[in-house]
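Enquirer: Can you keep this structure in mind? I'll have questions shortly.
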Amino acid sequence: MNEKFLDNLETSVYGKCLHVFDEIKSTNAHALEVLEKTHVDEGTVFLALKQTDGQGSFGNKWESSKALGMFITIIAYEPYKKNPLSLVPAVALAKMLNEYYDIKAHLKWPNDVLVGNMKIAGILCQIKTAYNKKNACAIGIGLNIFQDKNDFSDDLKNVATSMKIITNEEYTLDEIYKNYMKCFEYVYNLETNIVCEWSKYSNMIGKNIKATKDGKRIEAYVNGITDDGYLEVVLDNKIEIWTSRANLDIDRFF
């Protein structure tokens with residue numbers, strides 16, 4: 001099965017070593033287990049057609065029990081070429097969707113990929129001390145590709161979308177994999193600041209956003225992203241730096 005994913009793959013490192021699973025609990029969970037037990041090359045990718053326990057940020061589930069998306073984990077070791085590393089996969093997704101498929105994707109801090117006000121992809125980055133004693137990052141990516149509206153659970157139908165829903169076009173997973181890995185490697189190797197690249201694809205900056213923070217509804221103005229990848233906002237005429245999405249839920253409408 002690997003051959004169709006690797007044939008004409010236009011990368012030097014990332015995605016060249018690929019492990020494909022028909023079904024697995026979670027690509028991130030598996031990658032972290034393997035990293036602990038044996039050497040894993042830089043740029044290795046674990047890809048699952050289905051996940052029985054897909055992981056999202058902050059313990060959320062990611063719907064991936066059917067073969068309807070791209071569910072992958074990419075391995076990168078310190079020293080990372082870009083910091084914050086967590087911005088790279090989202091920028092690469094936005095680049096691919098816009099430039100290869102004419103899907104007007106944009107980024108919601110910290111790592112959601114939206115089309116309009118609907119979520120099409122999510123990112124989960126987890127750090128592990130690997131077998132070789134280096135810190136490694138398991139970069140998990142879930143991209144909705146083949147879903148129809150009815151493929152989403154009731155609580156996601158008005159929140160999530162897919163490439164098929166947006167364009168009504170037919171796709172192949174291997175083509176999208178190769179295009180994404182090309183974009184990922186390109187973005188990861190860029191000499192420009194990743195915060196600047198992220199900002200190019202964000203509709204949040206310079207906008208008023210609504211959010212629930214520590215259980216309270218608030219409205220804030222987004223100044224931009226700090227060099228550390230944090231969100232800088234103005235709230236009650238004071239500048240605040242939001243460092244984590246924990247206890248924070250930013251509305252998708254902005």
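By convention here, the chains of the structure tokens are called A, B, ... in the order presented, each chain's residues are numbered starting at 1, and ligands are numbered starting at 1 in the order presented.
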Could you list, as a list in words, every residue within 8 Å of Glu185 in chain A, counting only C-alpha atoms and ignoring same-chain residues fewer than 6 positions away?
Expert: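 The contact residues come out as Thr11, Val13 and Tyr14 of chain A.
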Enquirer: I'd like to know which residues of range 16-206 of chain A are alpha helix (DSSP H) (by DSSP, run on the backbone); could you write them as JSON, numbers by chain?
Expert: {"A": [27, 28, 29, 30, 31, 32, 33, 34, 35, 36, 37, 87, 88, 89, 90, 91, 92, 93, 94, 95, 96, 97, 98, 99, 100, 101, 163, 164, 165, 166, 167, 173, 174, 175, 176, 177, 178, 179, 180, 181, 182, 183, 184, 185, 186, 187, 188, 189, 194, 195, 196, 197, 198, 199, 200]}
Enquirer: Please identify which residues in range 11-178 of chain A DSSP calls strand (DSSP E or B) from the backbone, and express them as a PyMOL selection string.
Expert: chain A and resi 18-21+24+45-48+51+55+61+69-77+105-108+112-115+118-129+135-144+160
Enquirer: So the first atom is CA of Ile209 in chain A and the second is CA of Asp236 in chain A; what is the distance between them in Å, to one decimal place?
Expert: 13.1 Å
Enquirer: For a quick check of understanding, using only C-alpha atoms, which of A:Asp148, A:Glu240, A:Glu191, A:Glu197 has the smallest distance to Glu170 in chain A?
Expert: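 Looking at the shortest contact to Glu170 in chain A, the residue is A:Asp148.
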Enquirer: With distances taken over only C-alpha atoms, which residue among A:Tyr101, A:Tyr221, A:Phe71, A:Phe152 lies nearest Thr167 in chain A?
Expert: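 Residue with the minimum atom-to-atom distance to Thr167 in chain A: A:Tyr101.
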Enquirer: Between A:Tyr131, A:Phe5, A:Tyr230, A:Phe253, which is the closest to Val40 in chain A once you count only C-alpha atoms?
Expert: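 When distances to Val40 in chain A are compared using only C-alpha atoms, the smallest one comes from A:Tyr131.
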Enquirer: Given only C-alpha atoms as the basis, pick out the residue of A:Leu9, A:Val91, A:Ile218, A:Leu32 nearest to Val187 in chain A.
Expert: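 Using only C-alpha atoms, the shortest distance to Val187 in chain A belongs to A:Val91.
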Enquirer: Identify which of the residues A:Leu156, A:Leu231, A:Ile145, A:Ile225 lies closest to Glu175 in chain A, counting only C-alpha atoms when measuring atom-to-atom distances.
Expert: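 Result for the nearest residue to Glu175 in chain A: A:Ile145.
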Enquirer: Could you give me, as a PDB file with C-alpha atoms, in the first residue's frame, the residues within 9 Å of Leu107 in chain A, counting only C-alpha atoms and dropping anything in the same chain fewer than 4 positions from it?
Expert:
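The resulting file, around_11.pdb, is reproduced below:
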ATOM      1  CA  ALA A  90      -1.540  24.395  10.213  1.00  0.00           C
ATOM      2  CA  VAL A  91       0.262  26.799   7.876  1.00  0.00           C
ATOM      3  CA  ALA A  94      -3.796  26.298   4.772  1.00  0.00           C
ATOM      4  CA  ASN A 111      -4.098  25.345  15.571  1.00  0.00           C
ATOM      5  CA  ASP A 112      -7.545  24.993  13.994  1.00  0.00           C
ATOM      6  CA  VAL A 113      -8.009  25.164  10.234  1.00  0.00           C
ATOM      7  CA  LEU A 114     -11.341  26.672   9.175  1.00  0.00           C
ATOM      8  CA  VAL A 115     -13.229  27.267   5.961  1.00  0.00           C
ATOM      9  CA  TRP A 198       0.770  31.912  10.146  1.00  0.00           C
ATOM     10  CA  SER A 199      -0.488  35.498  10.164  1.00  0.00           C
ATOM     11  CA  TYR A 201      -3.499  32.788   6.635  1.00  0.00           C
ATOM     12  CA  SER A 202      -5.366  34.138   9.657  1.00  0.00           C
ATOM     13  CA  ASN A 203      -8.560  36.194   9.558  1.00  0.00           C
ATOM     14  CA  MET A 204      -8.406  36.886  13.305  1.00  0.00           C
TER      15      MET A 204
END
Enquirer: Which residue, A:Glu10, A:Gly43, A:Thr192, A:Thr38, has the smallest gap to Ile139 in chain A when you use only C-alpha atoms?
Expert: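 Looking only at the distances to Ile139 in chain A, the closest residue turns out to be A:Gly43.
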Enquirer: Residues within 12 Å of Asn189 in chain A, please, as a list in words. Count only C-alpha atoms; anything in the same chain fewer than 6 positions from it doesn't count.
Expert: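 Contacts, in chain order: Thr11, Ser12, Val13, Tyr14, Tyr80, Lys81, Lys82, Asn83, Leu85, Val88, Ala92, Lys182 and Cys183 of chain A.
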Enquirer: Distance CA of Ile250 in chain A-CA of Ala211 in chain A, one decimal place?
Expert: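 Atom-to-atom, CA of Ile250 in chain A and CA of Ala211 in chain A are spaced 4.2 Å apart.
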Enquirer: Quick one, how far is CA of Leu47 in chain A from CA of Tyr171 in chain A?
Expert: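 Interatomic distance here is 17.0 Å.
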Enquirer: As a count of residues only, please: the residues near Asn158 in chain A (cut-off 10 Å, only C-alpha atoms, same-chain neighbours under 2 positions excluded).
Expert: 11
